[in-house]
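K.L.:
Below you'll find coords.pdb; it's PDB, C-alpha atoms.
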ATOM      1  CA  MET A  15      17.955  32.780 137.575
ATOM      2  CA  THR A  16      21.460  32.923 139.043
ATOM      3  CA  ASP A  17      23.991  30.309 137.995
ATOM      4  CA  SER A  18      26.372  28.626 140.351
ATOM      5  CA  THR A  19      30.070  28.550 139.670
ATOM      6  CA  GLU A  20      30.866  25.079 140.932
ATOM      7  CA  PRO A  21      29.232  21.684 141.377
ATOM      8  CA  VAL A  22      27.092  21.174 144.455
ATOM      9  CA  GLY A  23      27.104  17.396 144.628
ATOM     10  CA  ASP A  24      29.991  15.289 145.820
ATOM     11  CA  ASP A  25      29.332  13.243 142.685
ATOM     12  CA  GLY A  26      30.197  16.364 140.676
ATOM     13  CA  GLN A  27      27.082  16.027 138.492
ATOM     14  CA  SER A  28      24.958  18.980 139.549
ATOM     15  CA  SER A  29      25.079  22.744 139.996
ATOM     16  CA  TRP A  30      22.732  25.029 141.873
ATOM     17  CA  HIS A  31      20.688  27.919 140.561
ATOM     18  CA  VAL A  32      18.552  30.488 142.326
ATOM     19  CA  ALA A  33      15.087  29.700 141.022
ATOM     20  CA  ALA A  34      13.394  32.579 142.861
ATOM     21  CA  PRO A  35      15.096  35.308 144.951
ATOM     22  CA  THR A  36      12.548  35.084 147.753
ATOM     23  CA  GLN A  37      14.893  36.068 150.623
ATOM     24  CA  ALA A  38      12.566  34.165 152.962
ATOM     25  CA  LEU A  39      12.955  34.550 156.683
ATOM     26  CA  LEU A  40      12.147  30.851 157.012
ATOM     27  CA  GLY A  41      11.311  29.121 153.739
ATOM     28  CA  GLU A  42       9.846  25.634 154.179
ATOM     29  CA  ARG A  43       8.081  22.608 152.689
ATOM     30  CA  PRO A  44       8.096  23.046 148.896
ATOM     31  CA  VAL A  45       5.685  20.860 146.919
ATOM     32  CA  TRP A  46       5.357  20.477 143.152
ATOM     33  CA  ASP A  47       1.915  21.126 141.680
ATOM     34  CA  GLU A  48       1.975  19.248 138.389
ATOM     35  CA  ARG A  49      -1.465  20.576 137.425
ATOM     36  CA  THR A  50      -0.200  24.147 137.247
ATOM     37  CA  GLY A  51       3.540  23.551 136.762
ATOM     38  CA  THR A  52       4.350  25.516 139.910
ATOM     39  CA  VAL A  53       6.325  25.137 143.123
ATOM     40  CA  VAL A  54       4.269  25.906 146.234
ATOM     41  CA  PHE A  55       6.018  26.661 149.533
ATOM     42  CA  VAL A  56       5.759  28.825 152.651
ATOM     43  CA  ASP A  57       7.713  31.446 154.548
ATOM     44  CA  ILE A  58       6.924  30.441 158.119
ATOM     45  CA  ASP A  59       7.854  33.638 159.912
ATOM     46  CA  ARG A  60       6.118  35.970 157.447
ATOM     47  CA  GLY A  61       3.020  33.757 157.311
ATOM     48  CA  GLU A  62       3.241  33.667 153.520
ATOM     49  CA  LEU A  63       2.137  31.158 150.897
ATOM     50  CA  HIS A  64       4.305  31.300 147.761
ATOM     51  CA  ARG A  65       3.603  29.901 144.303
ATOM     52  CA  PHE A  66       6.402  30.067 141.732
ATOM     53  CA  HIS A  67       6.140  29.231 138.012
ATOM     54  CA  PRO A  68       9.599  28.187 136.755
ATOM     55  CA  ASP A  69       8.650  28.417 133.066
ATOM     56  CA  ASN A  70       7.990  32.155 133.140
ATOM     57  CA  GLY A  71       9.448  33.254 136.484
ATOM     58  CA  GLN A  72       6.105  34.543 137.745
ATOM     59  CA  ALA A  73       5.446  34.364 141.462
ATOM     60  CA  THR A  74       2.485  35.054 143.701
ATOM     61  CA  VAL A  75       2.629  35.602 147.451
ATOM     62  CA  SER A  76      -0.299  35.567 149.881
ATOM     63  CA  VAL A  77      -0.229  36.318 153.600
ATOM     64  CA  VAL A  78      -2.315  33.545 155.134
ATOM     65  CA  SER A  79      -1.547  33.579 158.865
ATOM     66  CA  ALA A  80       0.799  34.970 161.491
ATOM     67  CA  SER A  81       2.797  31.770 161.098
ATOM     68  CA  VAL A  82       2.404  28.983 158.526
ATOM     69  CA  GLY A  83       4.663  25.960 158.891
ATOM     70  CA  CYS A  84       3.719  23.776 155.943
ATOM     71  CA  VAL A  85       1.464  23.369 152.934
ATOM     72  CA  GLY A  86      -0.078  20.393 151.179
ATOM     73  CA  LEU A  87      -2.055  20.219 147.954
ATOM     74  CA  ARG A  88      -5.726  19.170 147.937
ATOM     75  CA  GLU A  89      -7.507  17.007 145.390
ATOM     76  CA  ASN A  90      -9.945  19.856 144.723
ATOM     77  CA  GLY A  91      -7.132  22.222 143.747
ATOM     78  CA  GLY A  92      -6.883  24.025 147.063
ATOM     79  CA  VAL A  93      -4.303  23.725 149.806
ATOM     80  CA  VAL A  94      -4.155  22.544 153.407
ATOM     81  CA  LEU A  95      -2.004  24.609 155.758
ATOM     82  CA  GLY A  96      -0.451  24.006 159.152
ATOM     83  CA  THR A  97      -0.546  27.343 161.000
ATOM     84  CA  ASP A  98      -0.209  28.814 164.468
ATOM     85  CA  ALA A  99      -4.015  28.650 164.740
ATOM     86  CA  GLY A 100      -4.391  25.023 163.651
ATOM     87  CA  LEU A 101      -4.957  23.156 160.387
ATOM     88  CA  VAL A 102      -6.589  25.264 157.686
ATOM     89  CA  LEU A 103      -8.402  24.170 154.522
ATOM     90  CA  ALA A 104      -8.129  26.859 151.866
ATOM     91  CA  ASP A 105      -8.358  27.559 148.161
ATOM     92  CA  ALA A 106      -5.275  27.653 145.943
ATOM     93  CA  THR A 107      -4.450  31.222 147.031
ATOM     94  CA  GLY A 108      -4.681  30.412 150.736
ATOM     95  CA  GLU A 109      -8.067  32.064 151.283
ATOM     96  CA  THR A 110     -10.505  30.238 153.541
ATOM     97  CA  ARG A 111     -14.013  30.680 154.878
ATOM     98  CA  GLU A 112     -13.678  27.870 157.401
ATOM     99  CA  ASP A 113     -12.433  27.997 160.961
ATOM    100  CA  PRO A 114      -9.092  26.314 161.665
ATOM    101  CA  ILE A 115      -9.186  22.718 162.846
ATOM    102  CA  VAL A 116      -7.555  22.719 166.283
ATOM    103  CA  PRO A 117      -6.228  19.239 167.120
ATOM    104  CA  PRO A 118      -6.306  17.730 170.593
ATOM    105  CA  GLY A 119      -3.619  19.080 172.901
ATOM    106  CA  MET A 120      -2.772  22.097 170.752
ATOM    107  CA  THR A 121      -2.682  25.346 172.769
ATOM    108  CA  SER A 122      -1.738  28.957 172.109
ATOM    109  CA  ALA A 123       1.844  27.970 172.939
ATOM    110  CA  HIS A 124       1.963  25.588 169.961
ATOM    111  CA  PHE A 125       2.386  26.216 166.248
ATOM    112  CA  PHE A 126       2.524  23.872 163.293
ATOM    113  CA  ASN A 127       5.907  23.191 161.760
ATOM    114  CA  ASP A 128       6.436  20.693 158.922
ATOM    115  CA  GLY A 129       3.948  18.294 157.345
ATOM    116  CA  ALA A 130       3.106  16.278 154.225
ATOM    117  CA  CYS A 131       0.367  14.149 152.653
ATOM    118  CA  ASP A 132       0.422  10.381 153.114
ATOM    119  CA  PRO A 133      -0.370   7.855 150.320
ATOM    120  CA  ALA A 134      -3.990   7.496 151.510
ATOM    121  CA  GLY A 135      -4.829  11.209 151.303
ATOM    122  CA  ARG A 136      -4.241  12.225 154.919
ATOM    123  CA  PHE A 137      -2.329  15.359 155.872
ATOM    124  CA  VAL A 138       0.250  14.532 158.539
ATOM    125  CA  ALA A 139       1.777  17.530 160.305
ATOM    126  CA  GLY A 140       3.345  18.266 163.655
ATOM    127  CA  THR A 141       3.794  21.064 166.124
ATOM    128  CA  SER A 142       6.477  22.694 168.213
ATOM    129  CA  THR A 143       6.717  25.415 170.845
ATOM    130  CA  ALA A 144       8.797  28.587 170.826
ATOM    131  CA  GLU A 145      10.876  27.232 173.708
ATOM    132  CA  ARG A 146      11.260  23.817 172.004
ATOM    133  CA  THR A 147      10.044  22.268 175.261
ATOM    134  CA  THR A 148      10.999  18.600 175.374
ATOM    135  CA  GLY A 149       8.033  16.331 174.649
ATOM    136  CA  ALA A 150       5.490  19.172 174.583
ATOM    137  CA  ALA A 151       4.393  18.794 170.940
ATOM    138  CA  SER A 152       2.748  16.113 168.758
ATOM    139  CA  LEU A 153       2.525  14.740 165.243
ATOM    140  CA  TYR A 154      -1.077  14.791 163.994
ATOM    141  CA  SER A 155      -2.978  13.080 161.201
ATOM    142  CA  LEU A 156      -5.855  14.866 159.438
ATOM    143  CA  SER A 157      -8.159  12.424 157.623
ATOM    144  CA  PRO A 158     -10.010  13.357 154.420
ATOM    145  CA  ASP A 159     -13.267  13.489 156.413
ATOM    146  CA  GLY A 160     -11.837  16.279 158.581
ATOM    147  CA  THR A 161     -11.180  14.275 161.738
ATOM    148  CA  VAL A 162      -7.787  14.731 163.361
ATOM    149  CA  SER A 163      -5.904  12.393 165.682
ATOM    150  CA  VAL A 164      -2.560  12.210 167.454
ATOM    151  CA  LEU A 165      -0.187  10.043 165.451
ATOM    152  CA  LEU A 166       2.883  10.500 167.684
ATOM    153  CA  PRO A 167       2.775  12.162 171.126
ATOM    154  CA  GLU A 168       5.574  13.713 173.190
ATOM    155  CA  VAL A 169       7.457  15.280 170.284
ATOM    156  CA  THR A 170       9.809  18.250 170.802
ATOM    157  CA  GLU A 171      10.071  19.886 167.354
ATOM    158  CA  SER A 172       8.124  17.981 164.740
ATOM    159  CA  ASN A 173       9.769  18.248 161.356
ATOM    160  CA  GLY A 174      10.270  16.239 158.161
ATOM    161  CA  VAL A 175       7.933  13.351 157.354
ATOM    162  CA  ALA A 176       7.793  11.129 154.259
ATOM    163  CA  TRP A 177       6.718   7.648 153.166
ATOM    164  CA  SER A 178       8.214   4.821 151.148
ATOM    165  CA  ARG A 179       6.663   4.266 147.747
ATOM    166  CA  ASP A 180       4.578   1.329 148.997
ATOM    167  CA  GLY A 181       3.379   3.414 151.948
ATOM    168  CA  ARG A 182       4.479   0.805 154.472
ATOM    169  CA  ARG A 183       7.272   2.837 156.070
ATOM    170  CA  MET A 184       7.128   6.359 157.476
ATOM    171  CA  PHE A 185      10.357   8.333 157.882
ATOM    172  CA  TYR A 186      10.265  11.043 160.508
ATOM    173  CA  VAL A 187      12.398  13.815 162.005
ATOM    174  CA  ASP A 188      11.981  15.288 165.463
ATOM    175  CA  SER A 189      14.530  18.121 165.364
ATOM    176  CA  GLY A 190      14.614  18.046 169.138
ATOM    177  CA  THR A 191      16.829  15.014 168.594
ATOM    178  CA  GLN A 192      19.558  14.367 166.029
ATOM    179  CA  ASP A 193      17.785  11.247 164.789
ATOM    180  CA  VAL A 194      15.902  10.213 161.678
ATOM    181  CA  LYS A 195      13.438   7.487 162.619
ATOM    182  CA  VAL A 196      11.514   4.947 160.587
ATOM    183  CA  PHE A 197       8.110   3.526 161.566
ATOM    184  CA  ASP A 198       5.989   0.705 160.248
ATOM    185  CA  TYR A 199       3.003   2.448 158.671
ATOM    186  CA  ASP A 200      -0.432   1.137 157.798
ATOM    187  CA  PRO A 201      -1.963   3.258 155.008
ATOM    188  CA  ALA A 202      -5.366   1.682 155.641
ATOM    189  CA  ASP A 203      -5.776   3.075 159.150
ATOM    190  CA  GLY A 204      -2.945   5.631 159.238
ATOM    191  CA  THR A 205      -1.102   4.194 162.233
ATOM    192  CA  ALA A 206       2.662   4.358 162.829
ATOM    193  CA  THR A 207       4.235   1.667 165.028
ATOM    194  CA  ASN A 208       7.588   0.099 165.901
ATOM    195  CA  GLY A 209       9.585   3.337 165.699
ATOM    196  CA  ARG A 210      13.353   2.956 165.596
ATOM    197  CA  ILE A 211      16.373   5.116 164.743
ATOM    198  CA  LEU A 212      17.420   4.755 161.112
ATOM    199  CA  PHE A 213      20.465   7.034 161.415
ATOM    200  CA  SER A 214      21.659  10.027 163.400
ATOM    201  CA  ILE A 215      23.312  13.324 162.444
ATOM    202  CA  ASP A 216      26.422  14.510 164.249
ATOM    203  CA  GLU A 217      25.720  17.899 165.846
ATOM    204  CA  GLN A 218      28.697  19.475 164.082
ATOM    205  CA  ASP A 219      27.069  18.586 160.728
ATOM    206  CA  GLY A 220      23.794  20.376 161.437
ATOM    207  CA  VAL A 221      20.280  19.555 162.604
ATOM    208  CA  PRO A 222      18.016  17.189 160.640
ATOM    209  CA  ASP A 223      15.155  19.169 159.083
ATOM    210  CA  GLY A 224      12.884  18.500 156.079
ATOM    211  CA  LEU A 225      12.747  15.058 154.492
ATOM    212  CA  ILE A 226      11.488  13.629 151.187
ATOM    213  CA  VAL A 227      11.712  10.281 149.361
ATOM    214  CA  ASP A 228      12.431   9.782 145.644
ATOM    215  CA  SER A 229      11.351   7.113 143.138
ATOM    216  CA  GLU A 230      14.131   4.783 144.297
ATOM    217  CA  ASP A 231      13.015   5.076 147.936
ATOM    218  CA  THR A 232      16.162   7.006 148.802
ATOM    219  CA  LEU A 233      15.860   9.798 151.360
ATOM    220  CA  TRP A 234      16.807  13.452 150.846
ATOM    221  CA  LEU A 235      17.381  15.187 154.174
ATOM    222  CA  ALA A 236      17.828  18.938 154.596
ATOM    223  CA  LEU A 237      20.318  20.093 157.226
ATOM    224  CA  TRP A 238      19.629  23.197 159.299
ATOM    225  CA  ALA A 239      23.013  24.835 160.007
ATOM    226  CA  GLY A 240      24.410  22.213 157.650
ATOM    227  CA  HIS A 241      24.684  24.091 154.321
ATOM    228  CA  GLY A 242      22.942  21.478 152.227
ATOM    229  CA  LEU A 243      21.187  18.152 151.738
ATOM    230  CA  ARG A 244      22.171  14.539 152.213
ATOM    231  CA  ARG A 245      20.908  11.545 150.268
ATOM    232  CA  TYR A 246      20.545   8.199 152.048
ATOM    233  CA  ARG A 247      19.654   4.679 151.058
ATOM    234  CA  PRO A 248      16.436   3.318 152.632
ATOM    235  CA  ASP A 249      18.598   1.405 155.120
ATOM    236  CA  GLY A 250      20.263   4.629 156.293
ATOM    237  CA  VAL A 251      23.563   4.391 154.402
ATOM    238  CA  LEU A 252      24.797   7.817 153.236
ATOM    239  CA  LEU A 253      25.047   8.106 149.444
ATOM    240  CA  SER A 254      25.948  11.729 148.744
ATOM    241  CA  HIS A 255      25.870  15.334 149.921
ATOM    242  CA  ILE A 256      24.715  18.415 148.023
ATOM    243  CA  THR A 257      26.065  21.766 149.161
ATOM    244  CA  ILE A 258      23.748  24.785 148.958
ATOM    245  CA  PRO A 259      25.111  28.350 149.487
ATOM    246  CA  ALA A 260      22.897  28.926 152.529
ATOM    247  CA  LYS A 261      23.637  27.966 156.097
ATOM    248  CA  ASP A 262      20.097  26.898 157.015
ATOM    249  CA  VAL A 263      18.558  24.502 154.480
ATOM    250  CA  THR A 264      15.020  23.420 155.329
ATOM    251  CA  CYS A 265      13.406  21.091 152.777
ATOM    252  CA  ALA A 266      13.342  19.938 149.164
ATOM    253  CA  ALA A 267      10.849  18.778 146.532
ATOM    254  CA  PHE A 268      11.267  17.203 143.106
ATOM    255  CA  GLY A 269       9.519  19.011 140.276
ATOM    256  CA  GLY A 270       9.635  19.780 136.587
ATOM    257  CA  SER A 271       8.201  17.803 133.687
ATOM    258  CA  ASP A 272      10.334  14.744 134.487
ATOM    259  CA  LEU A 273      10.490  15.277 138.277
ATOM    260  CA  SER A 274      14.284  15.624 138.188
ATOM    261  CA  ASP A 275      14.533  19.264 139.278
ATOM    262  CA  LEU A 276      15.181  19.435 143.003
ATOM    263  CA  TYR A 277      13.722  22.615 144.519
ATOM    264  CA  VAL A 278      15.218  23.595 147.873
ATOM    265  CA  THR A 279      13.933  26.087 150.456
ATOM    266  CA  THR A 280      16.287  27.952 152.788
ATOM    267  CA  SER A 281      16.199  30.475 155.625
ATOM    268  CA  ARG A 282      17.648  33.950 156.074
ATOM    269  CA  GLY A 283      16.053  35.086 159.317
ATOM    270  CA  TYR A 284      18.359  33.341 161.780
ATOM    271  CA  LEU A 285      21.738  34.450 160.467
ATOM    272  CA  GLU A 286      24.154  36.704 162.285
ATOM    273  CA  PRO A 287      25.027  39.930 160.367
ATOM    274  CA  ASP A 288      28.352  38.543 159.157
ATOM    275  CA  GLU A 289      26.657  35.317 158.068
ATOM    276  CA  ALA A 290      24.051  37.261 156.091
ATOM    277  CA  ASP A 291      26.880  38.949 154.199
ATOM    278  CA  ALA A 292      28.585  35.609 153.589
ATOM    279  CA  TYR A 293      25.390  33.985 152.254
ATOM    280  CA  PRO A 294      23.650  36.592 150.068
ATOM    281  CA  HIS A 295      21.314  33.953 148.587
ATOM    282  CA  ALA A 296      20.192  32.596 151.963
ATOM    283  CA  GLY A 297      16.391  32.570 152.021
ATOM    284  CA  ASP A 298      16.104  32.067 148.260
ATOM    285  CA  LEU A 299      14.450  29.125 146.511
ATOM    286  CA  PHE A 300      17.138  27.038 144.813
ATOM    287  CA  VAL A 301      16.897  24.409 142.110
ATOM    288  CA  VAL A 302      19.361  21.609 141.410
ATOM    289  CA  ARG A 303      19.188  19.362 138.344
ATOM    290  CA  THR A 304      19.704  15.787 139.496
ATOM    291  CA  ALA A 305      20.081  12.293 138.078
ATOM    292  CA  ALA A 306      17.370  11.171 140.501
ATOM    293  CA  THR A 307      13.619  11.255 139.901
ATOM    294  CA  GLY A 308      10.964  12.272 142.382
ATOM    295  CA  CYS A 309       7.599  10.690 143.095
ATOM    296  CA  PRO A 310       4.266  12.180 141.992
ATOM    297  CA  THR A 311       2.970  14.645 144.546
ATOM    298  CA  LEU A 312       0.608  13.175 147.122
ATOM    299  CA  ARG A 313      -2.562  15.194 147.806
ATOM    300  CA  TYR A 314      -4.933  15.630 150.714
ATOM    301  CA  GLY A 315      -8.283  14.037 149.997
ATOM    302  CA  GLY A 316     -10.420  16.535 151.912
TER     303      GLY A 316
END
What is this file in C-alpha cells?
P.N.:
Amino acid sequence: MTDSTEPVGDDGQSSWHVAAPTQALLGERPVWDERTGTVVFVDIDRGELHRFHPDNGQATVSVVSASVGCVGLRENGGVVLGTDAGLVLADATGETREDPIVPPGMTSAHFFNDGACDPAGRFVAGTSTAERTTGAASLYSLSPDGTVSVLLPEVTESNGVAWSRDGRRMFYVDSGTQDVKVFDYDPADGTATNGRILFSIDEQDGVPDGLIVDSEDTLWLALWAGHGLRRYRPDGVLLSHITIPAKDVTCAAFGGSDLSDLYVTTSRGYLEPDEADAYPHAGDLFVVRTAATGCPTLRYGG
C-alpha cells in the first residue's frame, strides 16, 4: 500500500493510498462484498473481473468477456455482469454456463457500461456505443426473475446510477451530457419518472462518471478527466472535492468493517504518454479514509 504525501479532501481530513496497483486500462464500478471482506470491480477494456482482499492484499483476476462494463453482487453469492454480449449471470469468479441475456434494442454496436443494483433486487445497467452516438443507447432493468426492460431510452453514454436510501429517488448520469439527473423511482415496479437536472458539471472540470450515495443521502460523483470525486447534498449543492492522483476517475464504493473506507477505481488506458508519466498510479485502485459512512451493498435477487 502506497501512502500519499498530502491531504486529498478540501476539508483536509483524508489522504489517499494505493490499495491495489492494478494499472487498469479502464477500472470501473467497485462494490464491497461484506460476506467475504473484498472489493469487487472490473477492468472494462481487458474484460477482467477483479476481487481484492484489503486485509491480506490478496487479489484474484478473471477474464470474463471481451468487454465488461460493470458488476453487481447476487444474493446467491455470484455476480451479475454487464458485458459487450449482454447481461451475464455468473458465479463469484465470473464463470457462467448460461447464455447472456440480450435486452431489447441491444446490437453488436452496443456494449454495457455502468450499472448497479436497486433496493428491490433489480440490476440496472446501461449501454453505449463506440462512437457515443447521441441517443443510440438505453438504460435497462433486469428483474430477479430474469426479465429485462428498457428503463430509459435514447441515452448516449449510460453511466453512474444510484438510489436514495428510501429508494424513492434515482440519480443518474448520461456522460453524453454534463448533467446529473434525478428521477422519481418506484421500487415496487421499478419505474423512473419525472426526470430533471439536479446539477451540471462545467466541461473544464471533467465529465460526470460513476455515482454512489452514502448513509446521509449525499452523492459521490467521479469525474473523468477531473482528477477526483465531488460530494454533493441530495439537493445538488456541492459539499467537497477529493483529489485523486489520476486524471480519469471512474467510480467509488464504501467498504471496510464500518463502511468508511472509500475505494476508488481509475483508468490508465486513455492517457497521452506524458500524462502516463505524470500519473504513475493511474489505473490503480485507491482507498480514502473518510468521515462519511456508506450504505450496505445492494444485491441482485436473481
K.L.:
Using all atoms listed in the file, which residue out of A:Thr170, A:Ser81, A:Asn90, A:Ser281 lies closest to Leu103 of chain A?
P.N.:
A:Asn90
K.L.:
Can you tell me which residues surround Thr207 of chain A at a distance of at most 9 Å, considering only C-alpha atoms, apart from same-chain residues fewer than 4 positions away, and format the answer as a ChimeraX atom specification?
P.N.:
/A:197-200
K.L.:
Can you turn the PyMOL selection byres ((chain A and resi 41) around 6) into a concrete residue list for this file, as a PyMOL selection string?
P.N.:
chain A and resi 38+40+42+56-57+279-281
K.L.:
Just checking: using all atoms listed in the file, which residue out of A:Thr205, A:Thr311, A:Ser122, A:Gln72 ends up closest to Ser157 of chain A?
P.N.:
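The closest residue to Ser157 of chain A is A:Thr205.
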K.L.:
Evaluate the PyMOL selection byres ((chain A and resi 282-284) around 10) against this structure - the residues, as a PyMOL selection string, please.
P.N.:
chain A and resi 36-41+59+239+260-263+280-281+285-287+289-290+293-298
K.L.:
Please, could you write that set of residues out with C-alpha atoms as a compact mmCIF listing (two decimals), in the frame of the given file?
P.N.:
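Writing the result to selection-v8.txt gives the following:
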# COMPACT_ATOMS: atom_id res chain seq x y z
CA THR A 36 12.55 35.08 147.75
CA GLN A 37 14.89 36.07 150.62
CA ALA A 38 12.57 34.16 152.96
CA LEU A 39 12.96 34.55 156.68
CA LEU A 40 12.15 30.85 157.01
CA GLY A 41 11.31 29.12 153.74
CA ASP A 59 7.85 33.64 159.91
CA ALA A 239 23.01 24.84 160.01
CA ALA A 260 22.90 28.93 152.53
CA LYS A 261 23.64 27.97 156.10
CA ASP A 262 20.10 26.90 157.01
CA VAL A 263 18.56 24.50 154.48
CA THR A 280 16.29 27.95 152.79
CA SER A 281 16.20 30.48 155.62
CA LEU A 285 21.74 34.45 160.47
CA GLU A 286 24.15 36.70 162.28
CA PRO A 287 25.03 39.93 160.37
CA GLU A 289 26.66 35.32 158.07
CA ALA A 290 24.05 37.26 156.09
CA TYR A 293 25.39 33.98 152.25
CA PRO A 294 23.65 36.59 150.07
CA HIS A 295 21.31 33.95 148.59
CA ALA A 296 20.19 32.60 151.96
CA GLY A 297 16.39 32.57 152.02
CA ASP A 298 16.10 32.07 148.26
K.L.:
From the set A:Phe125, A:Asn70, A:Gly220, A:Leu63, which residue has the shortest atom-to-atom contact distance to Ala104 of chain A, counting all atoms listed in the file?
P.N.:
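Going through A:Phe125, A:Asn70, A:Gly220, A:Leu63 one by one, the smallest distance to Ala104 of chain A is for A:Leu63.
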K.L.:
Report the distance between atom CA of Tyr154 of chain A and atom CA of Tyr277 of chain A in Å, rounded to one decimal place.
P.N.:
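Rounded to one decimal, the two atoms are 25.7 Å apart.
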K.L.:
Compile the contact shell of segment 130-147 of chain A as a compact mmCIF listing (two decimals) with C-alpha atoms, in the coordinates of the input: residues with an atom at most 7 Å away, counting only C-alpha atoms, same-chain residues fewer than 4 positions apart removed.
P.N.:
# COMPACT_ATOMS: atom_id res chain seq x y z
CA GLY A 86 -0.08 20.39 151.18
CA GLY A 96 -0.45 24.01 159.15
CA ALA A 123 1.84 27.97 172.94
CA HIS A 124 1.96 25.59 169.96
CA PHE A 125 2.39 26.22 166.25
CA PHE A 126 2.52 23.87 163.29
CA ALA A 151 4.39 18.79 170.94
CA SER A 152 2.75 16.11 168.76
CA LEU A 153 2.52 14.74 165.24
CA TYR A 154 -1.08 14.79 163.99
CA SER A 155 -2.98 13.08 161.20
CA LEU A 156 -5.86 14.87 159.44
CA SER A 157 -8.16 12.42 157.62
CA PRO A 158 -10.01 13.36 154.42
CA THR A 170 9.81 18.25 170.80
CA GLU A 171 10.07 19.89 167.35
CA SER A 172 8.12 17.98 164.74
CA ASN A 173 9.77 18.25 161.36
CA VAL A 175 7.93 13.35 157.35
CA ALA A 176 7.79 11.13 154.26
CA TRP A 177 6.72 7.65 153.17
CA GLY A 181 3.38 3.41 151.95
CA PRO A 201 -1.96 3.26 155.01
CA LEU A 312 0.61 13.18 147.12
CA ARG A 313 -2.56 15.19 147.81
CA TYR A 314 -4.93 15.63 150.71
CA GLY A 315 -8.28 14.04 150.00
K.L.:
Report as a ChimeraX atom specification the full result of the PyMOL selection byres ((chain A and resi 307) around 7) when it is applied to this structure.
P.N.:
/A:228-229,273-274,305-306,308-309
K.L.:
Counting all atoms listed in the file, find the residues whose atoms lie at most 6 Å from (-4.1, 19.4, 164.6) (file coordinates) and write them out as a short mmCIF file (atom, residue, chain, number, x, y, z; two decimals) with C-alpha atoms, in the coordinates of the input.
P.N.:
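In the end it all went to part07.cif:
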data_model
loop_
_atom_site.label_atom_id
_atom_site.label_comp_id
_atom_site.auth_asym_id
_atom_site.auth_seq_id
_atom_site.Cartn_x
_atom_site.Cartn_y
_atom_site.Cartn_z
CA GLY A 100 -4.39 25.02 163.65
CA LEU A 101 -4.96 23.16 160.39
CA VAL A 116 -7.56 22.72 166.28
CA PRO A 117 -6.23 19.24 167.12
CA TYR A 154 -1.08 14.79 163.99
#
K.L.:
Please, what distance in Å, to one decimal, runs between atom CA of Ala80 of chain A and atom CA of Asp159 of chain A?
P.N.:
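Taking atom CA of Ala80 of chain A as the start and atom CA of Asp159 of chain A as the end point, the length is 26.2 Å.
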K.L.:
Quick one, how far is atom CA of Asp47 of chain A from atom CA of Val32 of chain A?
P.N.:
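Atom CA of Val32 of chain A lies 19.1 Å from atom CA of Asp47 of chain A.
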K.L.:
Under the rule that all atoms listed in the file are counted, which of A:Ala150, A:Val53, A:Ser29, A:Leu225 is the nearest residue to Ile256 of chain A?
P.N.:
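Smallest distance to Ile256 of chain A is found for A:Ser29.
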K.L.:
Which residues are near Glu109 of chain A? Cut-off 12 Å, all atoms listed in the file, ignore same chain within fewer than 4 positions. Put them as an MDAnalysis selection string.
P.N.:
chainID A and resid 62:63 75:79 92:95 102:105 113:114
K.L.:
Please write the residues from the selection above to a file, keeping C-alpha atoms, as a PDB file, keeping the file's coordinate frame.
P.N.:
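Result went into selection02.pdb, see below:
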ATOM      1  CA  GLU A  62       3.241  33.667 153.520  1.00  0.00           C
ATOM      2  CA  LEU A  63       2.137  31.158 150.897  1.00  0.00           C
ATOM      3  CA  VAL A  75       2.629  35.602 147.451  1.00  0.00           C
ATOM      4  CA  SER A  76      -0.299  35.567 149.881  1.00  0.00           C
ATOM      5  CA  VAL A  77      -0.229  36.318 153.600  1.00  0.00           C
ATOM      6  CA  VAL A  78      -2.315  33.545 155.134  1.00  0.00           C
ATOM      7  CA  SER A  79      -1.547  33.579 158.865  1.00  0.00           C
ATOM      8  CA  GLY A  92      -6.883  24.025 147.063  1.00  0.00           C
ATOM      9  CA  VAL A  93      -4.303  23.725 149.806  1.00  0.00           C
ATOM     10  CA  VAL A  94      -4.155  22.544 153.407  1.00  0.00           C
ATOM     11  CA  LEU A  95      -2.004  24.609 155.758  1.00  0.00           C
ATOM     12  CA  VAL A 102      -6.589  25.264 157.686  1.00  0.00           C
ATOM     13  CA  LEU A 103      -8.402  24.170 154.522  1.00  0.00           C
ATOM     14  CA  ALA A 104      -8.129  26.859 151.866  1.00  0.00           C
ATOM     15  CA  ASP A 105      -8.358  27.559 148.161  1.00  0.00           C
ATOM     16  CA  ASP A 113     -12.433  27.997 160.961  1.00  0.00           C
ATOM     17  CA  PRO A 114      -9.092  26.314 161.665  1.00  0.00           C
TER      18      PRO A 114
END
K.L.:
As a list in words, please: the residues near segment 208-219 of chain A (cut-off 8 Å, all atoms listed in the file, same-chain neighbours under 5 positions excluded).
P.N.:
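Once the adjacent positions are removed, what remains is Gln192, Asp193, Val194, Lys195, Val196, Phe197, Asp198, Leu237, Ala239, Gly240, Asp249 and Gly250 of chain A.
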K.L.:
Go through A:Arg247, A:Arg49, A:Arg111, A:His241 and flag the residue nearest Val278 of chain A, using only C-alpha atoms for the distances.
P.N.:
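The closest residue to Val278 of chain A is A:His241.
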